[in-house]
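A.B. asks: Dropping in upload.csv, with CSV, C-alpha atoms.
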```csv
chain,number,residue,atom,x,y,z
A,1,MET,CA,-128.9,-185.9,-183.7
A,2,SER,CA,-125.9,-184.2,-185.2
A,3,SER,CA,-122.5,-185.3,-184.0
A,4,ASN,CA,-121.9,-181.6,-182.9
A,5,ASP,CA,-124.9,-181.7,-180.6
A,6,ARG,CA,-124.1,-182.0,-176.9
A,7,ILE,CA,-126.5,-183.3,-174.4
A,8,ILE,CA,-127.9,-181.3,-171.5
A,9,LEU,CA,-129.7,-182.6,-168.5
A,10,ALA,CA,-131.9,-180.0,-166.8
A,11,LEU,CA,-133.6,-180.5,-163.5
A,12,ASP,CA,-136.2,-178.4,-161.7
A,13,ALA,CA,-136.6,-179.6,-158.1
A,14,GLY,CA,-139.4,-177.6,-156.7
A,15,GLY,CA,-141.5,-177.6,-153.5
A,16,THR,CA,-144.3,-179.6,-154.9
A,17,SER,CA,-142.8,-181.6,-157.9
A,18,THR,CA,-139.6,-182.3,-159.7
A,19,ARG,CA,-139.1,-182.2,-163.5
A,20,CYS,CA,-136.2,-183.3,-165.5
A,21,ILE,CA,-135.4,-183.2,-169.2
A,22,VAL,CA,-132.6,-184.6,-171.4
A,23,ALA,CA,-132.2,-182.4,-174.5
A,24,THR,CA,-129.7,-181.7,-177.2
A,25,SER,CA,-127.9,-178.4,-177.4
A,26,GLU,CA,-130.2,-177.5,-180.3
A,27,GLY,CA,-133.3,-177.7,-177.9
A,28,GLU,CA,-134.6,-181.1,-178.9
A,29,ILE,CA,-136.0,-183.0,-175.9
A,30,ARG,CA,-134.9,-186.6,-175.9
A,31,GLY,CA,-136.3,-187.7,-172.6
A,32,PHE,CA,-138.2,-186.4,-169.5
A,33,GLY,CA,-139.2,-187.5,-166.1
A,34,ILE,CA,-141.3,-186.3,-163.1
A,35,GLY,CA,-140.9,-186.8,-159.4
A,36,GLY,CA,-142.3,-185.5,-156.1
A,37,PRO,CA,-141.4,-182.6,-153.9
A,38,ALA,CA,-137.7,-181.8,-153.5
A,39,ASN,CA,-137.2,-178.9,-151.2
A,40,HIS,CA,-134.7,-180.7,-148.8
A,41,ILE,CA,-134.9,-177.9,-146.3
A,42,LEU,CA,-138.7,-178.2,-145.7
A,43,ARG,CA,-139.3,-181.8,-146.6
A,44,GLY,CA,-136.1,-183.5,-145.5
A,45,TRP,CA,-133.3,-185.0,-147.4
A,46,GLU,CA,-134.7,-188.5,-148.0
A,47,VAL,CA,-137.9,-187.1,-149.7
A,48,ALA,CA,-135.9,-184.7,-151.9
A,49,ARG,CA,-133.4,-187.5,-152.8
A,50,HIS,CA,-136.2,-189.9,-153.9
A,51,SER,CA,-137.9,-187.2,-155.9
A,52,ILE,CA,-134.7,-186.2,-157.8
A,53,GLN,CA,-133.7,-189.8,-158.4
A,54,THR,CA,-137.1,-190.6,-159.7
A,55,ALA,CA,-137.3,-187.7,-162.2
A,56,THR,CA,-133.7,-188.1,-163.3
A,57,SER,CA,-133.8,-191.8,-163.8
A,58,GLU,CA,-137.1,-191.6,-165.8
A,59,ALA,CA,-135.6,-188.8,-168.0
A,60,LEU,CA,-132.4,-190.8,-168.7
A,61,THR,CA,-134.4,-194.0,-169.4
A,62,THR,CA,-136.7,-192.4,-171.9
A,63,ALA,CA,-133.8,-190.6,-173.5
A,64,GLY,CA,-132.3,-194.0,-174.4
A,65,SER,CA,-128.8,-193.9,-175.7
A,66,GLY,CA,-128.8,-190.1,-175.5
A,67,GLY,CA,-128.8,-190.4,-171.8
A,68,HIS,CA,-125.3,-191.9,-171.8
A,69,ASN,CA,-123.7,-188.8,-173.3
A,70,ILE,CA,-124.6,-186.0,-170.9
A,71,SER,CA,-122.2,-183.1,-171.3
A,72,VAL,CA,-123.6,-181.0,-168.5
A,73,ALA,CA,-126.3,-181.4,-165.8
A,74,ILE,CA,-127.9,-178.3,-164.3
A,75,ALA,CA,-130.1,-178.8,-161.2
A,76,SER,CA,-132.2,-176.0,-159.8
A,77,SER,CA,-133.6,-176.6,-156.3
A,78,ALA,CA,-135.9,-174.8,-153.9
A,79,GLY,CA,-133.4,-175.6,-151.2
A,80,ILE,CA,-130.5,-173.6,-152.7
A,81,GLY,CA,-129.9,-169.9,-152.0
A,82,PRO,CA,-129.5,-167.2,-154.7
A,83,ASP,CA,-125.8,-167.3,-154.6
A,84,GLY,CA,-125.5,-171.1,-154.6
A,85,GLU,CA,-125.7,-171.5,-150.8
A,86,GLY,CA,-126.3,-175.2,-150.1
A,87,ARG,CA,-125.7,-176.4,-153.7
A,88,GLU,CA,-123.1,-179.0,-152.7
A,89,VAL,CA,-125.5,-181.6,-151.5
A,90,ILE,CA,-127.6,-181.4,-154.7
A,91,GLU,CA,-124.6,-181.5,-156.9
A,92,ALA,CA,-123.3,-184.5,-155.1
A,93,LEU,CA,-126.6,-186.4,-155.6
A,94,VAL,CA,-126.9,-185.5,-159.3
A,95,ALA,CA,-123.3,-186.5,-159.9
A,96,GLU,CA,-124.2,-190.0,-158.7
A,97,LEU,CA,-127.0,-190.2,-161.3
A,98,VAL,CA,-125.3,-188.9,-164.5
A,99,PRO,CA,-122.2,-190.1,-166.5
A,100,GLN,CA,-118.9,-189.4,-164.7
A,101,ALA,CA,-117.7,-187.1,-167.4
A,102,ALA,CA,-120.6,-184.7,-167.1
A,103,ILE,CA,-120.2,-181.2,-165.6
A,104,VAL,CA,-122.6,-180.9,-162.7
A,105,ARG,CA,-123.9,-177.6,-161.4
A,106,ALA,CA,-126.7,-176.7,-159.0
A,107,THR,CA,-128.5,-173.4,-158.5
A,108,GLY,CA,-131.5,-171.9,-156.7
A,109,ASP,CA,-134.9,-172.4,-158.3
A,110,MET,CA,-135.4,-168.6,-158.4
A,111,VAL,CA,-132.3,-168.3,-160.5
A,112,ALA,CA,-133.5,-170.9,-163.0
A,113,ALA,CA,-136.9,-169.1,-163.1
A,114,PHE,CA,-135.1,-165.9,-163.9
A,115,TRP,CA,-133.1,-167.3,-166.8
A,116,GLY,CA,-136.2,-169.0,-168.2
A,117,ALA,CA,-138.6,-166.2,-168.0
A,118,LEU,CA,-136.6,-163.3,-169.5
A,119,THR,CA,-134.8,-162.8,-172.8
A,120,THR,CA,-132.2,-160.6,-171.2
A,121,PRO,CA,-130.0,-161.1,-168.1
A,122,ILE,CA,-131.5,-157.9,-166.5
A,123,GLY,CA,-134.7,-157.6,-164.6
A,124,VAL,CA,-136.9,-159.3,-162.0
A,125,VAL,CA,-138.8,-162.5,-161.9
A,126,VAL,CA,-141.4,-163.5,-159.2
A,127,SER,CA,-142.0,-167.2,-158.6
A,128,ALA,CA,-145.2,-168.2,-156.9
A,129,GLY,CA,-146.0,-171.9,-156.6
A,130,THR,CA,-146.3,-173.8,-153.3
A,131,GLY,CA,-144.1,-171.0,-151.9
A,132,SER,CA,-143.0,-167.6,-153.2
A,133,VAL,CA,-139.7,-165.9,-154.0
A,134,CYS,CA,-138.4,-163.1,-156.2
A,135,TYR,CA,-135.0,-162.7,-157.9
A,136,GLY,CA,-133.5,-159.6,-159.5
A,137,ARG,CA,-130.3,-158.9,-161.5
A,138,ASN,CA,-128.9,-155.7,-162.9
A,139,VAL,CA,-126.5,-154.9,-165.7
A,140,THR,CA,-123.4,-155.1,-163.4
A,141,GLY,CA,-124.4,-158.6,-162.3
A,142,LEU,CA,-125.6,-157.5,-158.9
A,143,THR,CA,-128.4,-159.9,-157.7
A,144,CYS,CA,-130.8,-160.1,-154.9
A,145,GLN,CA,-133.5,-162.4,-153.5
A,146,VAL,CA,-136.7,-161.1,-152.0
A,147,GLY,CA,-139.0,-163.5,-150.1
A,148,GLY,CA,-138.5,-167.3,-150.0
A,149,TRP,CA,-138.7,-167.3,-146.2
A,150,GLY,CA,-140.9,-170.4,-146.0
A,151,PRO,CA,-144.5,-170.9,-144.8
A,152,ILE,CA,-144.0,-169.4,-141.3
A,153,MET,CA,-141.8,-166.4,-142.0
A,154,GLY,CA,-143.1,-165.5,-145.5
A,155,ASP,CA,-144.3,-167.1,-148.7
A,156,GLU,CA,-146.8,-164.2,-149.2
A,157,GLY,CA,-148.8,-164.6,-152.3
A,158,SER,CA,-148.0,-168.3,-152.6
A,159,ALA,CA,-150.5,-171.2,-153.1
A,160,TYR,CA,-149.9,-172.1,-149.5
A,161,ASP,CA,-150.7,-168.6,-148.3
A,162,ILE,CA,-153.8,-168.4,-150.5
A,163,ALA,CA,-155.0,-171.8,-149.2
A,164,VAL,CA,-154.5,-170.8,-145.6
A,165,GLN,CA,-156.4,-167.6,-146.1
A,166,ALA,CA,-159.2,-169.6,-147.6
A,167,LEU,CA,-159.3,-172.0,-144.7
A,168,ARG,CA,-159.5,-169.0,-142.3
A,169,ALA,CA,-162.3,-167.5,-144.4
A,170,VAL,CA,-164.2,-170.7,-144.1
A,171,ALA,CA,-163.8,-170.7,-140.3
A,172,CYS,CA,-164.9,-167.0,-140.1
A,173,ALA,CA,-167.9,-167.7,-142.2
A,174,SER,CA,-168.9,-170.6,-140.0
A,175,ASP,CA,-168.6,-168.5,-136.8
A,176,GLY,CA,-170.4,-165.5,-138.3
A,177,ARG,CA,-167.2,-163.4,-138.1
A,178,GLY,CA,-167.0,-163.2,-141.9
A,179,GLN,CA,-169.4,-163.3,-144.8
A,180,PRO,CA,-170.7,-166.6,-146.3
A,181,THR,CA,-168.5,-167.9,-149.1
A,182,ALA,CA,-168.5,-170.5,-151.8
A,183,LEU,CA,-165.1,-171.6,-150.4
A,184,THR,CA,-166.8,-173.6,-147.7
A,185,ALA,CA,-168.4,-176.0,-150.3
A,186,LEU,CA,-165.4,-176.0,-152.7
A,187,VAL,CA,-162.7,-176.5,-150.1
A,188,GLY,CA,-164.9,-179.1,-148.4
A,189,GLU,CA,-165.2,-181.0,-151.7
A,190,GLY,CA,-161.5,-180.9,-152.0
A,191,LEU,CA,-161.1,-182.6,-148.6
A,192,GLY,CA,-164.1,-184.9,-148.7
A,193,GLY,CA,-166.1,-183.0,-146.2
A,194,TYR,CA,-169.2,-180.7,-146.2
A,195,SER,CA,-168.7,-178.3,-143.3
A,196,ALA,CA,-166.1,-176.1,-141.6
A,197,LEU,CA,-165.8,-178.8,-138.9
A,198,ASP,CA,-165.3,-181.5,-141.5
A,199,ILE,CA,-162.5,-179.4,-143.0
A,200,ALA,CA,-160.9,-178.8,-139.6
A,201,VAL,CA,-160.9,-182.5,-138.9
A,202,GLN,CA,-159.1,-183.1,-142.2
A,203,VAL,CA,-156.6,-180.3,-141.8
A,204,TYR,CA,-155.6,-181.1,-138.2
A,205,GLY,CA,-156.5,-184.8,-138.0
A,206,LYS,CA,-154.0,-186.1,-140.6
A,207,PRO,CA,-152.4,-183.5,-140.4
A,208,LEU,CA,-152.2,-182.2,-143.9
A,209,GLU,CA,-148.7,-181.6,-145.4
A,210,ARG,CA,-147.8,-178.1,-146.7
A,211,GLU,CA,-148.2,-179.3,-150.3
A,212,GLU,CA,-151.6,-180.7,-149.6
A,213,ILE,CA,-152.8,-177.4,-148.1
A,214,ALA,CA,-151.2,-175.5,-151.0
A,215,ALA,CA,-153.2,-177.7,-153.5
A,216,LEU,CA,-156.4,-176.2,-152.1
A,217,ALA,CA,-155.5,-172.9,-153.9
A,218,VAL,CA,-157.2,-174.3,-157.0
A,219,ARG,CA,-160.4,-174.3,-155.0
A,220,VAL,CA,-159.9,-170.6,-154.4
A,221,PHE,CA,-159.4,-170.0,-158.2
A,222,ALA,CA,-162.7,-171.9,-158.8
A,223,ALA,CA,-164.6,-169.8,-156.3
A,224,ALA,CA,-163.3,-166.6,-157.8
A,225,GLN,CA,-164.5,-167.8,-161.2
A,226,GLN,CA,-167.9,-168.1,-159.6
A,227,ARG,CA,-167.5,-164.4,-158.6
A,228,ASP,CA,-167.2,-165.2,-154.9
A,229,PRO,CA,-166.1,-161.9,-153.3
A,230,VAL,CA,-164.1,-163.6,-150.6
A,231,ALA,CA,-162.1,-165.7,-153.0
A,232,ILE,CA,-161.5,-162.7,-155.3
A,233,ALA,CA,-160.2,-160.6,-152.4
A,234,ILE,CA,-157.8,-163.4,-151.4
A,235,LEU,CA,-156.4,-163.6,-154.9
A,236,ARG,CA,-156.1,-159.9,-155.2
A,237,ARG,CA,-154.1,-159.7,-152.0
A,238,ALA,CA,-151.8,-162.4,-153.3
A,239,GLY,CA,-151.2,-160.5,-156.5
A,240,ARG,CA,-150.5,-157.3,-154.7
A,241,ALA,CA,-148.1,-159.1,-152.3
A,242,LEU,CA,-146.2,-160.5,-155.2
A,243,GLY,CA,-146.1,-157.1,-156.9
A,244,ILE,CA,-144.6,-155.6,-153.7
A,245,ALA,CA,-141.9,-158.3,-153.7
A,246,ALA,CA,-141.0,-157.4,-157.3
A,247,LEU,CA,-140.8,-153.7,-156.3
A,248,ALA,CA,-138.4,-154.5,-153.5
A,249,ALA,CA,-136.2,-156.5,-155.8
A,250,LEU,CA,-136.2,-153.7,-158.4
A,251,ARG,CA,-135.2,-151.2,-155.7
A,252,ASN,CA,-132.5,-153.5,-154.3
A,253,VAL,CA,-130.7,-153.8,-157.6
A,254,GLY,CA,-131.3,-150.2,-158.7
A,255,LEU,CA,-133.9,-150.8,-161.4
A,256,LEU,CA,-136.9,-149.1,-159.8
A,257,THR,CA,-136.7,-145.9,-161.9
A,258,ILE,CA,-135.4,-147.2,-165.3
A,259,PRO,CA,-137.0,-149.2,-168.0
A,260,THR,CA,-136.7,-152.9,-167.1
A,261,SER,CA,-138.4,-156.3,-167.5
A,262,VAL,CA,-140.5,-158.0,-164.8
A,263,SER,CA,-141.8,-161.5,-165.3
A,264,TYR,CA,-143.3,-164.3,-163.3
A,265,SER,CA,-143.6,-168.1,-163.0
A,266,GLY,CA,-145.5,-170.6,-160.9
A,267,SER,CA,-149.0,-172.0,-160.6
A,268,VAL,CA,-150.5,-169.0,-158.7
A,269,PHE,CA,-150.3,-167.0,-161.9
A,270,GLU,CA,-152.6,-169.6,-163.6
A,271,ALA,CA,-155.4,-167.8,-161.8
A,272,GLY,CA,-155.1,-165.2,-164.5
A,273,ALA,CA,-156.4,-161.6,-164.1
A,274,PHE,CA,-157.5,-162.2,-160.4
A,275,VAL,CA,-153.7,-162.3,-159.6
A,276,SER,CA,-152.0,-160.7,-162.6
A,277,ASP,CA,-154.1,-157.4,-162.5
A,278,PRO,CA,-153.2,-156.4,-158.9
A,279,PHE,CA,-149.6,-157.7,-159.5
A,280,ARG,CA,-149.2,-155.3,-162.5
A,281,GLU,CA,-151.0,-152.5,-160.7
A,282,ALA,CA,-148.7,-152.7,-157.7
A,283,ILE,CA,-145.6,-152.6,-159.9
A,284,TYR,CA,-146.8,-149.8,-162.3
A,285,ASP,CA,-147.9,-147.6,-159.3
A,286,ALA,CA,-144.3,-147.4,-158.1
A,287,ALA,CA,-142.3,-148.3,-161.2
A,288,PRO,CA,-144.1,-146.9,-164.2
A,289,LEU,CA,-141.1,-147.6,-166.5
A,290,ALA,CA,-141.1,-151.3,-165.8
A,291,LYS,CA,-142.7,-153.7,-168.3
A,292,VAL,CA,-144.4,-156.9,-167.0
A,293,GLU,CA,-143.8,-159.6,-169.6
A,294,HIS,CA,-145.1,-163.1,-170.1
A,295,PRO,CA,-142.4,-165.7,-169.3
A,296,ILE,CA,-140.5,-167.1,-172.3
A,297,LEU,CA,-139.9,-170.5,-170.7
A,298,PRO,CA,-140.7,-172.2,-167.3
A,299,PRO,CA,-137.9,-172.7,-164.7
A,300,ILE,CA,-136.7,-176.0,-166.3
A,301,GLY,CA,-136.1,-174.0,-169.5
A,302,GLY,CA,-134.0,-171.6,-167.4
A,303,ALA,CA,-131.9,-174.6,-166.1
A,304,TYR,CA,-131.4,-175.7,-169.7
A,305,ARG,CA,-130.3,-172.2,-170.7
A,306,LEU,CA,-127.8,-172.2,-167.8
A,307,GLY,CA,-126.6,-175.6,-169.2
A,308,LEU,CA,-126.0,-174.0,-172.6
A,309,GLN,CA,-124.1,-171.1,-171.0
A,310,THR,CA,-121.9,-173.7,-169.2
A,311,LEU,CA,-121.1,-175.1,-172.6
A,312,GLY,CA,-120.3,-171.7,-173.9
A,313,ALA,CA,-123.3,-171.8,-176.3
A,314,PHE,CA,-126.0,-169.2,-177.0
A,315,MET,CA,-129.8,-169.8,-176.7
A,316,ASP,CA,-131.2,-168.3,-179.9
A,317,GLU,CA,-134.8,-168.0,-181.0
A,318,ALA,CA,-134.8,-171.3,-182.9
A,319,ILE,CA,-133.5,-173.2,-179.8
A,320,THR,CA,-136.0,-171.4,-177.6
A,321,TYR,CA,-138.9,-172.3,-179.9
A,322,ARG,CA,-137.8,-175.9,-180.2
A,323,LEU,CA,-137.4,-176.4,-176.5
A,324,ALA,CA,-140.7,-174.6,-175.6
A,325,SER,CA,-142.6,-176.8,-178.1
A,326,GLY,CA,-141.0,-179.9,-176.6
A,327,LEU,CA,-141.9,-178.9,-173.1
A,328,VAL,CA,-145.5,-178.3,-174.1
A,329,LYS,CA,-145.7,-181.7,-175.8
A,330,ALA,CA,-144.2,-183.4,-172.7
A,331,GLY,CA,-146.7,-181.6,-170.5
A,332,LEU,CA,-143.9,-179.8,-168.6
```
Once more with this new file: its structure as C-alpha cells, please.

C.D. replies:
Amino acid sequence: MSSNDRIILALDAGGTSTRCIVATSEGEIRGFGIGGPANHILRGWEVARHSIQTATSEALTTAGSGGHNISVAIASSAGIGPDGEGREVIEALVAELVPQAAIVRATGDMVAAFWGALTTPIGVVVSAGTGSVCYGRNVTGLTCQVGGWGPIMGDEGSAYDIAVQALRAVACASDGRGQPTALTALVGEGLGGYSALDIAVQVYGKPLEREEIAALAVRVFAAAQQRDPVAIAILRRAGRALGIAALAALRNVGLLTIPTSVSYSGSVFEAGAFVSDPFREAIYDAAPLAKVEHPILPPIGGAYRLGLQTLGAFMDEAITYRLASGLVKAGL
C-alpha cells in the first residue's frame, strides 16, 4: 500500500444483511465483513446495532493493520431518509467502532445504491431487495425518493411483496379460487411443508419475520423458470411496479422527457428477464429517451465512492475496476 493511499471503510446496512469493506483509496479491498439485518426502523435498534458491529468488526479484523488507519467511514442504512434524516444514530454507532480520527458520515441506502450504479450523478436508480425504494437526482442536485414506505404502506415489487403474492396464490389455488401452481410445492419445500395448510401453519405459527417471508421470493423465481404462469405473472407485476416507481422519480426531478440513465440494484433483479423486461417496458413506454443501464457497482460500492468524494478524490475507471473485482472475489 502506498504511503499516499488513504483508507476508507464502507458499510451497507440493508434490510436483510449488512456488508462492510475496508479499502484503500485506490480501490484495493483490505478486509470485509458480513452481518445480519440492520434496518433499525423495522427491526429495532438492538438488532441493527448487532449487525453493524458484527460486519464492521469482521472487516477491521481481516484488514489487519490497515484497519487502524481509517480516514473516512461511510455507512449507508435502510433506516435513513434520502436527505440524511435519522443519520445521527448510525453515525454515533459507527464512530464508536472506528479510529477516533476518522471522518464518519451516514446516508440512506438508496443514496449509496445511486452512487454505485451510475457513472454520472444524474439519473434514477431503483433498489429492490427485501423492500423497494427509488432515488433520483438531476443536474441541479435536486433529489427525490419514491417508495420505501415499508411492507404495509408500500414496498411494491420487493422480494417481500413477491413472496406475499406467492403465498396468496397458494391459498387461492388450494381453495379453487385460482389456478393450480408450482408455487404450492416449491414454497412448501422452502418451509418444510407439503400443502397450503402446512404453509399457513409455518407463516402464522412462528410467526415468520419479514426477512424470512421475503426469502421465499427465490421460490417464485424457481417456479417461473419452470414456466409456471402464476409465478411469471407475479414477477412481471413486480417489474412493472418498479418501472412505474422509476417513472415517478424521473418526473419528480424533471428528467422524464430528456435523455437520462436509469439503473437498478437488489436481489429481485436477479430474476432476470422475468422482472427486467416489464421494468424496461414500463419505462420506455412513458420515457423513450431514458436508457436502462446495468449497475456499475452494488450499493457498498456507492458508499465507497461517497467516501472518496469526502476525501476530495475522484473514482476513475481503474479504481472502479479494482474495487468491482475485489467485491466479486469477496462474494459481496

A.B. asks: To one decimal place in Å, what is the distance between CA of Val170 in chain A and CA of Val126 in chain A?

C.D. replies: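 Calculated distance between CA of Val170 in chain A and CA of Val126 in chain A is 28.3 Å.
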
A.B. asks: Grab the CA of Arg105 in chain A to CA of Thr140 in chain A distance for me, in Å with one decimal place.

C.D. replies: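 We find that CA of Arg105 in chain A and CA of Thr140 in chain A lie 22.6 Å from each other.
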
A.B. asks: What's around range 42-45 of chain A at 9 Å? Count all atoms listed in the file, leave out sequence neighbours fewer than 5 positions away in its own chain, and write the answer as a PyMOL selection string.

C.D. replies: chain A and resi 15+37+50+79+150

A.B. asks: Taking only C-alpha atoms into account, produce a table as a Markdown table in which each residue of range 156-268 of chain A with an atom at most 12 Å from an atom of range 288-297 of chain A appears once, together with its shortest atom pair and the distance in Å to one decimal, ordered by chain and rising number.

C.D. replies:
```
| residue | atom | partner | partner_atom | distance |
| --- | --- | --- | --- | --- |
| A:Gly243 | CA | A:Val292 | CA | 10.2 |
| A:Ala246 | CA | A:Val292 | CA | 10.3 |
| A:Leu247 | CA | A:Ala290 | CA | 9.8 |
| A:Leu250 | CA | A:Ala290 | CA | 9.2 |
| A:Arg251 | CA | A:Ala290 | CA | 11.7 |
| A:Leu255 | CA | A:Ala290 | CA | 8.5 |
| A:Leu256 | CA | A:Ala290 | CA | 7.6 |
| A:Thr257 | CA | A:Leu289 | CA | 6.6 |
| A:Ile258 | CA | A:Leu289 | CA | 5.8 |
| A:Pro259 | CA | A:Leu289 | CA | 4.6 |
| A:Thr260 | CA | A:Ala290 | CA | 4.9 |
| A:Ser261 | CA | A:Lys291 | CA | 5.1 |
| A:Val262 | CA | A:Val292 | CA | 4.6 |
| A:Ser263 | CA | A:Glu293 | CA | 5.1 |
| A:Tyr264 | CA | A:Pro295 | CA | 6.2 |
| A:Ser265 | CA | A:Pro295 | CA | 6.8 |
| A:Gly266 | CA | A:Pro295 | CA | 10.2 |
```

A.B. asks: My list of candidates is A:Arg305, A:Gly193, A:Cys172, A:Ala163. Which is closest to Ala113 in chain A when distances are computed with only C-alpha atoms?

C.D. replies: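 Among the listed residues, A:Arg305 lies closest to Ala113 in chain A.
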
A.B. asks: Calculated over only C-alpha atoms, which of the candidates A:Leu60, A:Glu281, A:Pro207, A:Ala182 has the smallest distance to Leu11 in chain A?

C.D. replies: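 Comparing A:Leu60, A:Glu281, A:Pro207, A:Ala182 against Leu11 in chain A, the winner is A:Leu60.
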
A.B. asks: Using CA of Arg177 in chain A and CA of Lys206 in chain A as the two end points, give the distance in Å to one decimal.

C.D. replies: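 Going from CA of Arg177 in chain A over to CA of Lys206 in chain A, I get 26.4 Å.
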
A.B. asks: At a cut-off of 12 Å, using only C-alpha atoms, what residues contact Val47 in chain A? Leave out same-chain residues fewer than 3 positions from it and give the result as a list of chain:residue names.

C.D. replies: A:Ala13, A:Gly14, A:Gly15, A:Thr16, A:Ser17, A:Thr18, A:Gly35, A:Gly36, A:Pro37, A:Ala38, A:Asn39, A:His40, A:Ile41, A:Leu42, A:Arg43, A:Gly44, A:His50, A:Ser51, A:Ile52, A:Gln53, A:Thr54

A.B. asks: Could those selected residues go to a file with C-alpha atoms, as a short mmCIF file (atom, residue, chain, number, x, y, z; two decimals), keeping the file's coordinate frame?

C.D. replies:
```cif
data_model
loop_
_atom_site.label_atom_id
_atom_site.label_comp_id
_atom_site.auth_asym_id
_atom_site.auth_seq_id
_atom_site.Cartn_x
_atom_site.Cartn_y
_atom_site.Cartn_z
CA ALA A 13 -136.60 -179.60 -158.10
CA GLY A 14 -139.40 -177.60 -156.70
CA GLY A 15 -141.50 -177.60 -153.50
CA THR A 16 -144.30 -179.60 -154.90
CA SER A 17 -142.80 -181.60 -157.90
CA THR A 18 -139.60 -182.30 -159.70
CA GLY A 35 -140.90 -186.80 -159.40
CA GLY A 36 -142.30 -185.50 -156.10
CA PRO A 37 -141.40 -182.60 -153.90
CA ALA A 38 -137.70 -181.80 -153.50
CA ASN A 39 -137.20 -178.90 -151.20
CA HIS A 40 -134.70 -180.70 -148.80
CA ILE A 41 -134.90 -177.90 -146.30
CA LEU A 42 -138.70 -178.20 -145.70
CA ARG A 43 -139.30 -181.80 -146.60
CA GLY A 44 -136.10 -183.50 -145.50
CA HIS A 50 -136.20 -189.90 -153.90
CA SER A 51 -137.90 -187.20 -155.90
CA ILE A 52 -134.70 -186.20 -157.80
CA GLN A 53 -133.70 -189.80 -158.40
CA THR A 54 -137.10 -190.60 -159.70
#
```

A.B. asks: When you look at Ile232 in chain A with a cut-off of 9 Å (counting all atoms listed in the file), what residues show up, excluding the ones that are within fewer than 2 positions of it in the same chain? I need them as a compact mmCIF listing (two decimals) with C-alpha atoms, in the frame of the given file.

C.D. replies:
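Printed below is part.txt as written:
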```txt
# COMPACT_ATOMS: atom_id res chain seq x y z
CA VAL A 220 -159.90 -170.60 -154.40
CA PHE A 221 -159.40 -170.00 -158.20
CA ALA A 223 -164.60 -169.80 -156.30
CA ALA A 224 -163.30 -166.60 -157.80
CA GLN A 225 -164.50 -167.80 -161.20
CA ARG A 227 -167.50 -164.40 -158.60
CA ASP A 228 -167.20 -165.20 -154.90
CA PRO A 229 -166.10 -161.90 -153.30
CA VAL A 230 -164.10 -163.60 -150.60
CA ILE A 234 -157.80 -163.40 -151.40
CA LEU A 235 -156.40 -163.60 -154.90
CA ARG A 236 -156.10 -159.90 -155.20
CA ARG A 237 -154.10 -159.70 -152.00
CA PHE A 274 -157.50 -162.20 -160.40
CA VAL A 275 -153.70 -162.30 -159.60
```

A.B. asks: Tell me, as number ranges by chain, which residues lie within 9 Å of Ala318 in chain A, counting all atoms listed in the file; anything in the same chain fewer than 3 positions away does not count.

C.D. replies: A: 26-27, 315, 321-323

A.B. asks: Ala101 in chain A: which residues within 12 Å, counting only C-alpha atoms, same-chain residues fewer than 3 positions away excluded, as JSON, numbers by chain?

C.D. replies: {"A": [7, 68, 69, 70, 71, 72, 73, 95, 96, 97, 98, 104]}

A.B. asks: How would the residues just chosen look if you wrote them out with C-alpha atoms as a tab-separated table (two decimals), in the frame of the given file?

C.D. replies:
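selection23.tsv written:
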```tsv
chain	number	residue	atom	x	y	z
A	7	ILE	CA	-126.50	-183.30	-174.40
A	68	HIS	CA	-125.30	-191.90	-171.80
A	69	ASN	CA	-123.70	-188.80	-173.30
A	70	ILE	CA	-124.60	-186.00	-170.90
A	71	SER	CA	-122.20	-183.10	-171.30
A	72	VAL	CA	-123.60	-181.00	-168.50
A	73	ALA	CA	-126.30	-181.40	-165.80
A	95	ALA	CA	-123.30	-186.50	-159.90
A	96	GLU	CA	-124.20	-190.00	-158.70
A	97	LEU	CA	-127.00	-190.20	-161.30
A	98	VAL	CA	-125.30	-188.90	-164.50
A	104	VAL	CA	-122.60	-180.90	-162.70
```

A.B. asks: Determine the nearest neighbour of Ser77 in chain A from the options A:Gly116, A:Pro299, A:Gly176, A:Gly188, counting all atoms listed in the file.

C.D. replies: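 With all atoms listed in the file as the atom set, the closest residue is A:Pro299.
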
A.B. asks: Pick out the closest residue to Ala200 in chain A from this set: A:Ala330, A:Ala112, A:Ala171, A:Val218. Count all atoms listed in the file.

C.D. replies: A:Ala171

A.B. asks: Which residue is closest to Tyr304 in chain A? Choose from A:Ile199, A:Glu91, A:Gly86, A:Trp115 and count all atoms listed in the file.

C.D. replies: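 Ranking A:Ile199, A:Glu91, A:Gly86, A:Trp115 by distance to Tyr304 in chain A, first place goes to A:Trp115.
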
A.B. asks: Rank A:Ala238, A:Val164, A:Ala249, A:Ile300 by their smallest atom-to-atom distance to Leu208 in chain A, using all atoms listed in the file, and report the top residue only.

C.D. replies: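 Checking each of A:Ala238, A:Val164, A:Ala249, A:Ile300 against Leu208 in chain A, counting all atoms listed in the file, the winner is A:Val164.
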